[in-house]
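Input: a single structure, listed below in structure tokens.
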Amino acid sequence: MKIDTIITGGTVVNADKSEKADVAIRGEKIFQVGKGLAKSAKTNGAKVIDAKGCYVIPGGIDVHVHLALPFCGTVSSDDYNSGTRAGARGGVTTLIDFAIPYGEESLQDAVDNWMAKAQGIACIDFTFHVAVTKWDRHKHEMAGIVKRGLPTFKQFMIYEKEGWQADDRAIFGALEKCKQLDAMLLIHAESSRVLDELIERHHNDEEMRRLGAQLHGITRPNFIEAEAIQRAVKWAEVTGGRLYIVHMSTADGTDIIRDVHKRGLKNVFAETCAQYLVLDDSLFAGKDGHLYGCCPQIKKKSDQKRLWKGLKSDTVCVVSTDTCTFTREQKAMWQGDWTKIPMGMPGLETLLPIVYTHGVLKERLSMKQFVDKCSTTPARIMGLGDRKGVIKKGYDADIAIIHPTKKIKVNHATMETNADWSPYQGWNLVGFSRTTLSRGRVIVDNYKFCGENGWGKFLPRKTAGHL
Ligand code: URP
Ligand code: ZN
Ligand code: ZN
């Protein structure tokens, strides 16, 4: 039997099992996982990748990414070139971006626009969630989007000025539609009206001069997220629609989701992002505090602690990044007014290293849980579970090989991202991908990107929200 590539001598870690095994790859697929495969493959002239002393894991699936997003008066600076290279270098082999309609565009227009940004450029596989921003018009278009292979929709409770905001009527209706269509609704949960009120109370020259970027945290107490999650959960409960809370950042939100699960609701899920697990809002007081502005904002150490615990207990099912990169020049648009910060941070390149270093090495997560939260569950919940997120015969040969202890100091200047800063600058992280394979092809070798634009394929999906 012709084998193209064999990964030998590593520890293969799936969400349910860790074993010393070789991985044989034929074409784009995993052909066999087992002991002693290397010997026969070598004689057949297969390419041999030595993974001795390393973990061999399914490539990361980052389900929350914004590349080349027009937002906050500018366009996020990582596009499908730099963003997918960054992903590859971090061991991420699939990403899900958000196709967002602008002005009078239809949902199909939004998908066309995002497809044009990605196709022929992406170095790793990709697909999109589709934002429903104008309910009365877009509700008629959702079925067609599912037919196009995109069964995940997104609504934002904030961003009125961007024209993206969804009210309760739209969220309720979208959940009903998702139920009919076997689809899932992703929600950015923050209480808009109270948030507007708190922003208005503090939006004055004196406070901005004195507190600068700290006002971002001051105007978004935890109840802003918690109330919004609670409300979305109620609409999911009464409609039966599948709901996925994106970028959950608070202990309060985690408690709500735990209680929802305790009550037996199986249609509510929550992700958090790497930054909420390791960064806290004391950063806003620093000279570069505004660089860390994202929505929702990074919270307190107590929130980090609760989110890690929520991951361990499966209250939180996914870690993503919400990558939305802005350069220092773009961030400087804030000019001392926190409401004008282009919101978002780079993240794709450091997802696995952050979760491995601060999760696995600090014994907050097991190695299998790390794989589960960064690959297996993201794949399954987003409808990619039949081909991604597992190292098993028949699955796409998307693989990251990581050394268990080798530290790399984060330096934005040597990274693939377009960002000219990093929230983790100078941090020593373990878990960067030594070797990344995307559908059988080596795209990172010895920690360096060696893939190709256009290699990444669009991934159509049938359904979402099933675990
Ligand atoms: O600050 C963020 N998160 N920027 C991207 C848009 C969003 O809300 O996900
Ligand atoms: Zn959001
Ligand atoms: Zn986002």
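Every chain in the structure tokens takes a letter, A first, then B, and so on in the order presented; its residues are numbered from 1, and the ligands are numbered from 1 following the presented order.
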* Asked: Neighbours of Leu384 in chain A within 9 Å (only C-alpha atoms; same-chain residues fewer than 6 positions away dropped), as a ChimeraX atom specification?
  -> /A:378,459-464
* Neighbourhood of ligand 1 at 6 Å, counting only C-alpha atoms and all ligand atoms, reported as a PyMOL selection string -> chain A and resi 294-295+322+324+343-344
Please produce a file of those selected residues containing all heavy atoms, as a short mmCIF file (atom, residue, chain, number, x, y, z; two decimals), in the first residue's frame.
```
data_model
loop_
_atom_site.label_atom_id
_atom_site.label_comp_id
_atom_site.auth_asym_id
_atom_site.auth_seq_id
_atom_site.Cartn_x
_atom_site.Cartn_y
_atom_site.Cartn_z
N CYS A 294 -10.37 45.36 23.41
CA CYS A 294 -11.17 44.44 22.60
C CYS A 294 -12.54 44.35 23.28
O CYS A 294 -12.69 44.76 24.42
CB CYS A 294 -10.51 43.07 22.48
SG CYS A 294 -10.22 42.25 24.05
N CYS A 295 -13.52 43.85 22.55
CA CYS A 295 -14.88 43.74 23.10
C CYS A 295 -15.32 42.29 23.09
O CYS A 295 -15.34 41.70 22.02
CB CYS A 295 -15.86 44.55 22.27
SG CYS A 295 -15.51 46.31 22.26
N ASP A 322 -10.68 35.06 18.61
CA ASP A 322 -11.26 36.34 18.20
C ASP A 322 -10.18 37.23 17.59
O ASP A 322 -10.16 38.45 17.82
CB ASP A 322 -11.94 37.03 19.39
CG ASP A 322 -12.86 38.16 18.94
OD1 ASP A 322 -13.07 38.31 17.73
OD2 ASP A 322 -13.36 38.89 19.83
N CYS A 324 -8.41 39.76 15.69
CA CYS A 324 -8.85 40.95 14.96
C CYS A 324 -7.71 41.94 15.18
O CYS A 324 -7.71 42.73 16.12
CB CYS A 324 -10.18 41.44 15.52
SG CYS A 324 -10.95 42.72 14.50
N MET A 343 -11.09 47.90 18.02
CA MET A 343 -11.18 46.84 19.04
C MET A 343 -10.74 45.49 18.51
O MET A 343 -11.31 44.99 17.53
CB MET A 343 -12.62 46.74 19.55
CG MET A 343 -13.08 47.97 20.29
SD MET A 343 -12.18 48.17 21.84
CE MET A 343 -12.96 49.68 22.46
N GLY A 344 -9.78 44.89 19.17
CA GLY A 344 -9.35 43.55 18.80
C GLY A 344 -7.85 43.39 18.95
O GLY A 344 -7.12 44.37 19.08
#
```
* To do: Among the residues of range 324-420 of chain A, find those DSSP assigns to alpha helix (DSSP H) from the backbone and print them as a list in words.
  =>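 Matching residues for alpha helix (DSSP H) in range 324-420 of chain A are Arg328, Glu329, Gln330, Lys331, Leu351, Leu352, Pro353, Ile354, Val355, Met367, Lys368, Gln369, Phe370, Val371, Thr377, Pro378, Ala379, Arg380 and Ile381 of chain A.
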* Asked: Which residues come within 6 Å of Ala228 in chain A, counting only C-alpha atoms, excluding same-chain residues fewer than 3 positions away, as a PyMOL selection string?
  -> chain A and resi 189-191+225+231
Could you save those same residues with N, CA and C atoms as a CSV table (one decimal), in the first residue's frame?
```csv
chain,number,residue,atom,x,y,z
A,189,ALA,N,-22.5,38.7,23.3
A,189,ALA,CA,-23.5,39.0,24.3
A,189,ALA,C,-22.9,40.2,25.2
A,190,GLU,N,-23.4,41.4,25.0
A,190,GLU,CA,-23.1,42.5,25.9
A,190,GLU,C,-24.4,43.4,25.8
A,191,SER,N,-24.8,43.8,27.0
A,191,SER,CA,-26.0,44.6,27.1
A,191,SER,C,-25.8,46.0,26.6
A,225,GLU,N,-21.9,41.7,30.5
A,225,GLU,CA,-21.9,40.4,29.7
A,225,GLU,C,-23.0,39.5,30.3
A,231,ARG,N,-30.1,36.7,29.0
A,231,ARG,CA,-31.3,37.0,28.1
A,231,ARG,C,-31.2,36.0,26.8
```
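Relative to CA of Phe172 in chain A, CA of Trp235 in chain A is found at 5.6 Å.
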* Name each residue within 9 Å of ligand 3, counting only C-alpha atoms and all ligand atoms, as a PyMOL selection string. => chain A and resi 64-66+97-98+188+246-247+295+321-324+344
* Mind checking which residues fall within 7 Å of range 112-125 of chain A, counting only C-alpha atoms, ignoring those fewer than 6 positions away in the same chain, and posting them as a ChimeraX atom specification? => /A:80-81,84-85,88,93-95,99,438,451-459
* Find the spatial neighbours of His203 in chain A, counting only C-alpha atoms, within a cut-off of 12 Å - ignore same-chain residues fewer than 2 positions away - and output them as a VMD selection string. => chain A and resid 195 to 201 205 to 213 215 to 216 218 to 219 336 to 340
Those same residues - C-alpha atoms - I'd like them written as a PDB file, in the first residue's frame.
```pdb
ATOM      1  CA  LEU A 195     -23.377  49.914  28.247  1.00  0.00           C
ATOM      2  CA  ASP A 196     -24.255  53.079  26.283  1.00  0.00           C
ATOM      3  CA  GLU A 197     -25.439  54.690  29.512  1.00  0.00           C
ATOM      4  CA  LEU A 198     -22.232  53.820  31.378  1.00  0.00           C
ATOM      5  CA  ILE A 199     -20.090  55.063  28.493  1.00  0.00           C
ATOM      6  CA  GLU A 200     -21.983  58.354  28.401  1.00  0.00           C
ATOM      7  CA  ARG A 201     -21.496  58.875  32.151  1.00  0.00           C
ATOM      8  CA  ASP A 205     -12.292  65.138  29.055  1.00  0.00           C
ATOM      9  CA  GLU A 206     -11.362  65.074  32.710  1.00  0.00           C
ATOM     10  CA  GLU A 207     -11.901  61.336  33.169  1.00  0.00           C
ATOM     11  CA  MET A 208     -10.357  60.472  29.820  1.00  0.00           C
ATOM     12  CA  ARG A 209      -7.241  62.444  30.704  1.00  0.00           C
ATOM     13  CA  ARG A 210      -7.031  60.839  34.138  1.00  0.00           C
ATOM     14  CA  LEU A 211      -8.023  57.253  33.355  1.00  0.00           C
ATOM     15  CA  GLY A 212      -7.368  56.773  29.628  1.00  0.00           C
ATOM     16  CA  ALA A 213      -7.901  53.178  28.487  1.00  0.00           C
ATOM     17  CA  LEU A 215     -12.355  53.529  31.148  1.00  0.00           C
ATOM     18  CA  HIS A 216     -12.846  50.594  28.788  1.00  0.00           C
ATOM     19  CA  ILE A 218     -14.727  50.723  34.095  1.00  0.00           C
ATOM     20  CA  THR A 219     -17.673  51.080  31.683  1.00  0.00           C
ATOM     21  CA  GLY A 336      -7.044  59.269  24.241  1.00  0.00           C
ATOM     22  CA  ASP A 337     -10.724  58.362  23.761  1.00  0.00           C
ATOM     23  CA  TRP A 338     -11.313  54.691  24.592  1.00  0.00           C
ATOM     24  CA  THR A 339     -14.538  54.579  22.563  1.00  0.00           C
ATOM     25  CA  LYS A 340     -12.444  55.110  19.408  1.00  0.00           C
TER      26      LYS A 340
END
```
* Using only C-alpha atoms, determine which residues lie at most 12 Å from Asp281 in chain A, disregarding the query and same-chain residues fewer than 6 positions distant; provide the list as a PyMOL selection string. => chain A and resi 213-218+220-221+249+275+289-294+296-304
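DSSP secondary structure from the backbone places Phe156, Gln165, Met184, Leu185, Leu186, Ile187, His188, Arg242, Leu243, Tyr244, Ile245, Val268, Phe269, Ala270, Glu271, Thr272, Cys273, Val318, Val319, Ser320 and Thr323 of chain A of range 156-343 of chain A in strand (DSSP E or B).
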* **Proximity to Asp167 in chain A - best of A:Glu141, A:Asp398, A:Asp136, A:Asp182, only C-alpha atoms** =>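 Closest residue, counting only C-alpha atoms: A:Asp136.
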* **Of the listed residues A:Val75, A:Leu37, A:Leu175, A:Leu277, that which approaches Gln330 in chain A most closely, counting only C-alpha atoms** =>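 Counting only C-alpha atoms, the residue closest to Gln330 in chain A is A:Val75.
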